[in-house]
>>> print(open('my_file-v1.pdb').read())   # PDB, C-alpha atoms and all ligand atoms
ATOM      1  CA  MET A   1      14.835  10.874  -9.654
ATOM      2  CA  SER A   2      12.091  12.059  -7.330
ATOM      3  CA  ARG A   3      11.622  10.340  -4.013
ATOM      4  CA  LEU A   4       8.269   8.975  -5.137
ATOM      5  CA  ILE A   5       9.802   7.279  -8.177
ATOM      6  CA  ALA A   6      12.598   5.879  -6.016
ATOM      7  CA  ARG A   7       9.934   4.510  -3.714
ATOM      8  CA  LEU A   8       8.013   2.919  -6.593
ATOM      9  CA  VAL A   9      11.174   1.228  -7.855
ATOM     10  CA  LEU A  10      11.829  -0.101  -4.345
ATOM     11  CA  ALA A  11       8.186  -1.246  -4.182
ATOM     12  CA  MET A  12       8.603  -3.266  -7.386
ATOM     13  CA  LEU A  13      11.773  -4.822  -6.003
ATOM     14  CA  ILE A  14       9.799  -6.427  -3.176
ATOM     15  CA  LEU A  15       8.984  -9.461  -5.324
ATOM     16  CA  PRO A  16      12.533 -10.473  -6.364
ATOM     17  CA  LEU A  17      13.830  -9.593  -2.884
ATOM     18  CA  ALA A  18      11.165 -11.723  -1.194
ATOM     19  CA  GLY A  19      12.044 -14.534  -3.613
ATOM     20  CA  THR A  20      15.685 -14.212  -2.595
ATOM     21  CA  VAL A  21      14.763 -14.356   1.099
ATOM     22  CA  PHE A  22      12.678 -17.447   0.337
ATOM     23  CA  VAL A  23      15.537 -19.239  -1.440
ATOM     24  CA  PHE A  24      18.092 -18.286   1.221
ATOM     25  CA  SER A  25      15.788 -19.430   4.031
ATOM     26  CA  MET A  26      15.320 -22.741   2.215
ATOM     27  CA  VAL A  27      19.085 -23.175   1.870
ATOM     28  CA  ILE A  28      19.769 -22.263   5.489
ATOM     29  CA  LEU A  29      17.011 -24.485   6.875
ATOM     30  CA  LEU A  30      17.663 -27.363   4.497
ATOM     31  CA  PRO A  31      21.410 -27.687   4.131
ATOM     32  CA  GLY A  32      22.114 -30.225   1.424
ATOM     33  CA  GLY A  33      18.574 -30.073   0.035
ATOM     34  CA  GLY A  34      15.982 -32.770   0.608
ATOM     35  CA  GLN A  35      12.290 -32.743   1.431
ATOM     36  CA  PRO A  36      11.346 -29.854   3.730
ATOM     37  CA  GLY A  37       9.335 -30.837   6.783
ATOM     38  CA  LEU A  38       6.186 -28.917   7.679
ATOM     39  CA  ALA A  39       7.867 -27.021  10.521
ATOM     40  CA  ARG A  40      10.749 -25.962   8.276
ATOM     41  CA  MET A  41       8.387 -24.938   5.504
ATOM     42  CA  LEU A  42       6.468 -22.753   7.966
ATOM     43  CA  ALA A  43       9.739 -21.291   9.263
ATOM     44  CA  VAL A  44      10.717 -20.340   5.699
ATOM     45  CA  TRP A  45       7.393 -18.573   5.213
ATOM     46  CA  ALA A  46       7.734 -16.827   8.576
ATOM     47  CA  ALA A  47      11.090 -15.413   7.428
ATOM     48  CA  VAL A  48       9.557 -14.255   4.129
ATOM     49  CA  TYR A  49       6.559 -12.678   5.918
ATOM     50  CA  ALA A  50       8.835 -10.855   8.358
ATOM     51  CA  PHE A  51      10.905  -9.500   5.477
ATOM     52  CA  ILE A  52       7.887  -8.376   3.448
ATOM     53  CA  GLY A  53       6.120  -6.861   6.457
ATOM     54  CA  ILE A  54       9.145  -4.844   7.601
ATOM     55  CA  TYR A  55      10.242  -3.831   4.081
ATOM     56  CA  TRP A  56       6.759  -2.697   3.044
ATOM     57  CA  MET A  57       6.129  -0.837   6.314
ATOM     58  CA  LEU A  58       9.474   0.993   6.178
ATOM     59  CA  LEU A  59       8.885   1.890   2.548
ATOM     60  CA  TRP A  60       5.507   3.587   3.077
ATOM     61  CA  GLN A  61       5.570   4.367   6.810
ATOM     62  CA  ASP A  62       5.899   8.134   6.581
ATOM     63  CA  MET A  63       3.233   8.442   3.879
ATOM     64  CA  ILE A  64       0.569   6.652   5.891
ATOM     65  CA  ARG A  65      -1.778   8.590   8.130
ATOM     66  CA  TRP A  66      -2.193   6.190  11.047
ATOM     67  CA  THR A  67      -5.792   6.735  12.042
ATOM     68  CA  THR A  68      -7.341   4.240  14.460
ATOM     69  CA  GLU A  69      -9.483   2.863  11.649
ATOM     70  CA  ARG A  70      -6.467   2.383   9.411
ATOM     71  CA  LYS A  71      -4.546   0.588  12.161
ATOM     72  CA  GLN A  72      -7.488  -1.717  12.835
ATOM     73  CA  ARG A  73      -7.926  -2.482   9.140
ATOM     74  CA  THR A  74      -4.221  -3.230   8.779
ATOM     75  CA  TRP A  75      -4.394  -5.707  11.688
ATOM     76  CA  ALA A  76      -7.572  -7.245  10.234
ATOM     77  CA  ALA A  77      -5.882  -7.613   6.829
ATOM     78  CA  THR A  78      -2.892  -9.267   8.510
ATOM     79  CA  VAL A  79      -5.065 -11.803  10.320
ATOM     80  CA  LEU A  80      -7.383 -12.455   7.357
ATOM     81  CA  SER A  81      -4.505 -12.943   4.902
ATOM     82  CA  LEU A  82      -2.940 -15.515   7.255
ATOM     83  CA  VAL A  83      -6.292 -17.274   7.601
ATOM     84  CA  ALA A  84      -6.678 -17.299   3.797
ATOM     85  CA  GLY A  85      -3.237 -18.908   3.463
ATOM     86  CA  VAL A  86      -4.003 -21.579   6.051
ATOM     87  CA  LEU A  87      -7.354 -22.365   4.403
ATOM     88  CA  LEU A  88      -5.815 -22.712   0.938
ATOM     89  CA  GLY A  89      -3.019 -24.854   2.383
ATOM     90  CA  LEU A  90      -5.543 -27.160   4.030
ATOM     91  CA  LEU A  91      -7.618 -27.240   0.850
ATOM     92  CA  VAL A  92      -4.605 -28.262  -1.260
ATOM     93  CA  GLU A  93      -3.670 -30.886   1.295
ATOM     94  CA  GLY A  94      -7.211 -32.242   1.450
ATOM     95  CA  VAL A  95      -8.284 -32.100  -2.186
ATOM     96  CA  LEU A  96      -5.165 -33.093  -4.095
ATOM     97  CA  PRO A  97      -4.392 -34.984  -1.656
ATOM     98  CA  ALA A  98      -0.911 -33.711  -1.073
ATOM     99  CA  ALA A  99       1.527 -33.894   1.813
ATOM    100  CA  ALA A 100       1.170 -31.217   4.487
ATOM    101  CA  GLU A 101       4.415 -29.612   3.275
ATOM    102  CA  VAL A 102       2.998 -29.153  -0.231
ATOM    103  CA  GLY A 103      -0.095 -27.514   1.252
ATOM    104  CA  ALA A 104       2.139 -25.260   3.342
ATOM    105  CA  LEU A 105       4.281 -24.426   0.309
ATOM    106  CA  ILE A 106       1.308 -23.366  -1.820
ATOM    107  CA  GLY A 107      -0.892 -21.880   0.911
ATOM    108  CA  GLY A 108       2.072 -19.984   2.309
ATOM    109  CA  GLY A 109       2.301 -17.840  -0.790
ATOM    110  CA  VAL A 110      -1.161 -16.400  -0.285
ATOM    111  CA  PRO A 111      -0.767 -14.170   2.827
ATOM    112  CA  PRO A 112       1.948 -11.838   1.486
ATOM    113  CA  ILE A 113       0.110 -11.266  -1.797
ATOM    114  CA  VAL A 114      -3.259 -10.671  -0.113
ATOM    115  CA  TRP A 115      -1.677  -8.526   2.588
ATOM    116  CA  VAL A 116       0.292  -6.261   0.247
ATOM    117  CA  LEU A 117      -2.746  -5.741  -2.001
ATOM    118  CA  ALA A 118      -4.926  -5.016   1.042
ATOM    119  CA  THR A 119      -2.444  -2.468   2.413
ATOM    120  CA  VAL A 120      -2.457  -0.655  -0.925
ATOM    121  CA  LEU A 121      -6.193  -0.090  -0.447
ATOM    122  CA  ILE A 122      -6.088   0.492   3.317
ATOM    123  CA  TRP A 123      -3.110   2.854   3.393
ATOM    124  CA  ARG A 124      -4.268   4.882   0.387
ATOM    125  CA  GLU A 125      -4.920   8.524   1.137
ATOM    126  CA  THR A 126      -8.641   9.350   1.066
ATOM    127  CA  PRO A 127      -9.778  12.371  -1.009
ATOM    128  CA  ALA A 128     -10.571  14.236   2.232
ATOM    129  CA  GLU A 129      -7.074  13.541   3.600
ATOM    130  CA  ARG A 130      -5.543  14.680   0.335
ATOM    131  CA  ILE A 131      -7.425  17.976   0.445
ATOM    132  CA  ALA A 132      -6.399  18.461   4.075
ATOM    133  CA  ARG A 133      -2.742  17.756   3.280
ATOM    134  CA  LEU A 134      -2.630  19.992   0.217
ATOM    135  CA  THR A 135      -4.471  22.758   2.011
ATOM    136  CA  ALA A 136      -1.966  22.496   4.855
ATOM    137  CA  ALA A 137       0.809  22.754   2.260
ATOM    138  CA  GLY A 138      -0.910  26.002   1.317
ATOM    139  CA  THR A 139      -0.632  25.690  -2.437
ATOM    140  CA  ASP A 140      -3.449  23.562  -3.747
ATOM    141  CA  ALA A 141      -6.505  25.439  -2.575
ATOM    142  CA  VAL A 142      -8.574  26.371  -5.621
ATOM    143  CA  SER A 143      -9.187  30.056  -5.249
ATOM    144  CA  CYS A 144     -11.562  32.497  -6.884
ATOM    145  CA  PRO A 145      -9.770  34.251  -9.780
ATOM    146  CA  THR A 146     -11.676  37.449  -8.999
ATOM    147  CA  CYS A 147     -11.385  37.835  -5.231
ATOM    148  CA  GLY A 148      -9.012  35.057  -4.190
ATOM    149  CA  TYR A 149     -11.540  33.355  -1.911
ATOM    150  CA  ASN A 150     -10.601  29.752  -1.092
ATOM    151  CA  LEU A 151     -13.043  27.494  -2.969
ATOM    152  CA  THR A 152     -11.898  24.222  -1.333
ATOM    153  CA  GLY A 153     -14.855  21.906  -0.779
ATOM    154  CA  MET A 154     -17.222  23.810  -3.071
ATOM    155  CA  ARG A 155     -19.520  21.684  -5.183
ATOM    156  CA  GLU A 156     -20.060  24.274  -7.853
ATOM    157  CA  ALA A 157     -17.788  26.674  -9.664
ATOM    158  CA  ARG A 158     -19.420  29.752  -8.172
ATOM    159  CA  CYS A 159     -17.673  31.913  -5.615
ATOM    160  CA  PRO A 160     -19.784  32.334  -2.443
ATOM    161  CA  GLU A 161     -17.788  35.435  -1.551
ATOM    162  CA  CYS A 162     -18.117  37.619  -4.658
ATOM    163  CA  GLY A 163     -20.715  35.648  -6.593
ATOM    164  CA  ALA A 164     -18.597  35.262  -9.742
ATOM    165  CA  GLN A 165     -19.352  32.144 -11.784
ATOM    166  CA  TYR A 166     -16.888  30.112 -13.780
ATOM    167  CA  THR A 167     -16.683  27.007 -15.877
ATOM    168  CA  LEU A 168     -14.351  24.325 -14.525
ATOM    169  CA  ASP A 169     -11.814  24.947 -17.291
ATOM    170  CA  GLU A 170     -11.792  28.657 -16.507
ATOM    171  CA  LEU A 171     -11.096  27.886 -12.869
ATOM    172  CA  LEU A 172      -8.305  25.484 -13.805
ATOM    173  CA  THR A 173      -6.525  27.800 -16.223
ATOM    174  CA  THR A 174      -6.630  30.766 -13.839
ATOM    175  CA  GLN A 175      -5.086  28.905 -10.908
ATOM    176  CA  PRO A 176      -1.461  29.732 -10.130
ATOM    177  CA  LYS A 177       1.009  27.094 -11.322
ATOM    178  CA  ARG A 178       1.639  24.447  -8.724
ATOM    179  CA  ASP A 179       4.808  22.666  -7.859
ATOM    180  CA  GLU A 180       3.507  19.134  -8.431
ATOM    181  CA  GLU A 181       6.920  17.626  -7.783
ATOM    182  CA  LYS A 182       7.001  19.244  -4.367
ATOM    183  CA  LEU A 183       3.463  18.145  -3.538
ATOM    184  CA  GLU A 184       3.507  14.593  -4.841
ATOM    185  CA  GLY A 185       7.150  13.642  -4.895
ATOM    186  CA  ARG A 186       7.597  13.479  -1.154
TER     187      ARG A 186
HETATM  188 ZN    ZN B 201     -14.785  35.480  -5.524
END
>>> encode(input="my_file-v1.pdb", output="structure tokens")
Amino acid sequence: MSRLIARLVLAMLILPLAGTVFVFSMVILLPGGGQPGLARMLAVWAAVYAFIGIYWMLLWQDMIRWTTERKQRTWAATVLSLVAGVLLGLLVEGVLPAAAEVGALIGGGVPPIVWVLATVLIWRETPAERIARLTAAGTDAVSCPTCGYNLTGMREARCPECGAQYTLDELLTTQPKRDEEKLEGR
């Protein structure tokens, strides 16, 4: 099993694991069952958020390029997802009209979902970063079949060095075989 597949399996496990943390927190905070108070409900969600945040970060940490922009967006997503949860909680409480704990129970589920989805978009490698990484790895530069010139970043399949022209399929088939597992399965 490649490391990437292992990571994807662990990523899918976040849902059942978070559910387990939720149930255990409920049991610990509400021994003997009963109606959870608002404070306890919020404490349960805090435990779930902490678990999801740490688990998700540890899982992808070393694959994320922490640019300033990416850090800022991650913080913004964290704040906005919490705000979204609070708003939905208040909406449920106001519209239904339910007890504050019911609002907290339903609204509380929003932040982790929104946050995880947002991080998928925010942490994703941009095409430019991918090219930079693969070029640094030294294997994925598309090179001219005739003279070996590095064609990375070219917008047409014509070599600026020797002037040879190719179709895209010609370029593809003449490239040396790449070790995809090594490049992607980090
Ligand atoms: Zn060339």
>>> residues_near_ligand(input="my_file-v1.pdb", ligand="ligand ZN 201 (chain B)", cutoff="7 Å", atoms="only C-alpha atoms and all ligand atoms", output="list of chain:residue names")
A:Cys144, A:Pro145, A:Thr146, A:Cys147, A:Gly148, A:Tyr149, A:Cys159, A:Pro160, A:Glu161, A:Cys162, A:Gly163, A:Ala164
>>> closest_residue(input="my_file-v1.pdb", among="A:Ala100, A:Ala11, A:Pro127, A:Glu93", to="Leu58 in chain A", atoms="only C-alpha atoms")
A:Ala11
>>> residues_around(input="my_file-v1.pdb", residues="range 83-86 of chain A", least_positions_apart="3", cutoff="10 Å", atoms="all atoms listed in the file", output="count of residues only")
20
>>> closest_residue(input="my_file-v1.pdb", among="A:Trp56, A:Phe51, A:Thr74, A:Ala99", to="Gly37 in chain A", atoms="only C-alpha atoms")
A:Ala99
>>> closest_residue(input="my_file-v1.pdb", among="A:Val95, A:Trp66, A:Glu101, A:Ala76", to="Leu38 in chain A", atoms="all atoms listed in the file")
A:Glu101
>>> closest_residue(input="my_file-v1.pdb", among="A:Trp123, A:Tyr49, A:Trp115, A:Tyr55", to="Arg7 in chain A", atoms="only C-alpha atoms")
A:Tyr55
>>> atom_distance(input="my_file-v1.pdb", atom1="CA of Leu13 in chain A", atom2="CA of Leu82 in chain A")
22.5 Å
